[in-house]
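The next block holds one structure in the form of structure tokens; read it before the comments.
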Amino acid sequence: MENRPLGESGIEASVVGFGTWVLGGGTVWGNDTNDRESIYTLQAAIDEGINLIDTAPAYGWGRSEKVVGEAIKGRRDRVIVATKCGLWTDDERGSFFTEMAGRIMRRSLRPDTIQIEIDRSLRNLGVDCIDLYQTHWPACPPDKTPIAETMECLLKLKEQGKIRAIGVCNVTLDELKEHCACGPIASDQFRYSMLYRDPERDILPFCQANRIATLTYMSLEQGLLTGKVGMDRVFKPDEFRSNADWNTWFLLPNRKRVLDLLAGWRDLADKYHASFAQLVISWTAAQAGATHVLCGIRNVAQLRDNLGAARIKLDPADLARMRRDVVALGEPARL
Ligand SMILES: NC(=O)c1ccc[n+]([C@@H]2O[C@H](COP(=O)([O-])OP(=O)(O)OC[C@H]3O[C@@H](n4cnc5c(N)ncnc54)[C@H](OP(=O)(O)O)[C@@H]3O)[C@@H](O)[C@H]2O)c1
């Protein structure tokens with residue numbers, strides 16, 4: 001597995017990262033996540049060369065972090081643990097964000113809530129230090145902590161040895177620049193896939209020019225781009241994949257277009273002896289500015305498949321052809 005730098009932090013992390021939102025389970029993931037299987041899969045991933053593990057307190061309200069903590073016992077020195085702060089459910093501090101899995105979630109990047117979150121994450125993960133600590137969503141009004149204040153708090157955590165590097169998620173370009181003006185930002189995490197290419201306009205070029213690592217998420221479009229989500233698969237209404245704002249490509253007419261797109265790449269799959277997931281991950285990791293691809297992984301079969309992407313190097317002509325095809329696909333219809 002190729003490792004790439006996490007910005008200028010001195011940390012090297014695997015190009016394919018293990019995304020653990022699904023390991024938090026709950027209604028958003030269909031309620032069928034199995035902790036024993038999750039731990040086994042994480043350990044297999046570490047043993048086979050994935051060192052970047054991305055989690056967050058919000059994934060199953062601590063469940064994902066605890067599962068990661070259990071899995072890395074005895075393997076800590078081989079893992080880059082990335083977690084987050086800023087989605088707050090304890091009380092009314094912060095600003096309303098959304099309701100998920102029965103809880104009101106607020107965005108808070110106040111130093112007083114971060115202090116509570118960091119100690120809880122260290123406990124959940126069973127570690128003394130978090131390698132990459134990321135703000136999960138930017139603060140917003142009415143309780144909008146200035147970026148400089150949040151950064152001061154994060155830099156203090158770094159001085160105290162509780163974290164090794166600072167990352168951000170889901171920020172605009174202006175917000176990213178404001179963070180960078182306050183201190184070193186190792187990474188930016190955001191949604192990016194061949195079907196959702198908005199970050200190519202601003203964030204990816206900025207990160208590339210400023211040596212900031214990029215951790216892309218939903219690059220498999222939550223499984224759709226693996227080709228395994230057929231026209232007959234039905235998601236429960238409270239599953240995240242039923243959220244048509246985020247997962248517009250899952251709507252049946254759009255889904256059909258994606259399945260047809262993948263079917264048109266059968267010759268590429270044969271040429272590289274690759275699955276569609278491997279083609280997609282490899283394409284994503286080859287794009288300008290894209291350094292790390294976070295893949296949500298539920299079991300060992302998915303792990304082996306996604307790991308296989310690391311051995312593929314797509315020819316420039318094939319990369320260009322895939323881009324032409326996804327551009328030709330256009331936007332998903334919003335029903
Ligand atoms: N910072 C943020 O705001 C944010 C937001 C979203 C995600 N993230 C991070 O990014 C990670 C990745 O995003 P994601 O998990 O939402 O989406 P994703 O990686 O696009 O999709 C994950 C899902 O795809 C399916 N899958 C993965 N590999 C597969 C394979 N080889 N074959 C068949 N199916 C496969 C699994 O679906 P099944 O469940 O059906 O098995 C899995 O749950 C997250 O886990 C999280 O760490 C961060």
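Just remember, in the structure tokens the first chain shown is A, the second B, etc., residues are 1-based per chain, and ligands are 1-based in the order shown.
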
(Q) Neighbouring residues of ligand 1 are defined here as those with any atom at most 7 Å from a ligand atom, counting only C-alpha atoms and all ligand atoms; list them as a ChimeraX atom specification. (A) /A:18-22,29,54-55,136-137,169-170,189-191,216-223,226,228,277,294-298,301-303,305-306

Q.
According to DSSP computed on the backbone, where in region 9-180 of chain A is there strand (DSSP E)? Give the residues as a PyMOL selection string.
A. chain A and resi 12-14+16-19+52-54+80-85+87-88+95-100+103-107+130-135+163-169

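Atom pair CA of Thr41 (chain A) / CA of Arg255 (chain A) has a distance of 28.5 Å (rounded to one decimal).
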
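With distances restricted to only C-alpha atoms, A:Ala333 is the closest residue to Asn254 (chain A) from A:Ala45, A:Ala333, A:Val293, A:Val81.
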
Q: Excluding Arg106 (chain A) and residues on its chain fewer than 5 positions from it, collect all residues at most 6 Å away from it, counting only C-alpha atoms, and give them as a PyMOL selection string.
A: chain A and resi 87-88+94-97

Same residues, N, CA and C atoms, output as a PDB file, in the first residue's frame:
ATOM      1  N   LEU A  87     -19.332  18.045  16.480  1.00  0.00           N
ATOM      2  CA  LEU A  87     -20.764  17.726  16.415  1.00  0.00           C
ATOM      3  C   LEU A  87     -21.179  17.368  17.834  1.00  0.00           C
ATOM      4  N   TRP A  88     -22.005  18.210  18.385  1.00  0.00           N
ATOM      5  CA  TRP A  88     -22.215  18.232  19.831  1.00  0.00           C
ATOM      6  C   TRP A  88     -23.647  17.836  20.159  1.00  0.00           C
ATOM      7  N   GLY A  94     -23.636  25.454  21.072  1.00  0.00           N
ATOM      8  CA  GLY A  94     -23.507  25.265  19.630  1.00  0.00           C
ATOM      9  C   GLY A  94     -24.760  25.699  18.897  1.00  0.00           C
ATOM     10  N   SER A  95     -24.790  25.403  17.606  1.00  0.00           N
ATOM     11  CA  SER A  95     -25.917  25.834  16.764  1.00  0.00           C
ATOM     12  C   SER A  95     -26.555  24.604  16.140  1.00  0.00           C
ATOM     13  N   PHE A  96     -27.884  24.623  16.064  1.00  0.00           N
ATOM     14  CA  PHE A  96     -28.594  23.456  15.527  1.00  0.00           C
ATOM     15  C   PHE A  96     -28.044  23.065  14.161  1.00  0.00           C
ATOM     16  N   PHE A  97     -27.793  21.772  13.973  1.00  0.00           N
ATOM     17  CA  PHE A  97     -27.299  21.276  12.679  1.00  0.00           C
ATOM     18  C   PHE A  97     -28.357  20.369  12.065  1.00  0.00           C
TER      19      PHE A  97
END

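Nearest residue to Gly183 (chain A) among A:Arg233, A:Lys158, A:Lys271, A:Arg120 is A:Lys158, counting only C-alpha atoms.
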
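Considering the residues A:Gly10, A:Gly230, A:Gly74, A:Pro332 and counting only C-alpha atoms, Val127 (chain A) has its shortest atom-to-atom contact with A:Gly74.
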
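Counting only C-alpha atoms, the residue from A:Gly308, A:Pro146, A:Gly60, A:Gly49 that sits nearest to Asn31 (chain A) is A:Gly60.
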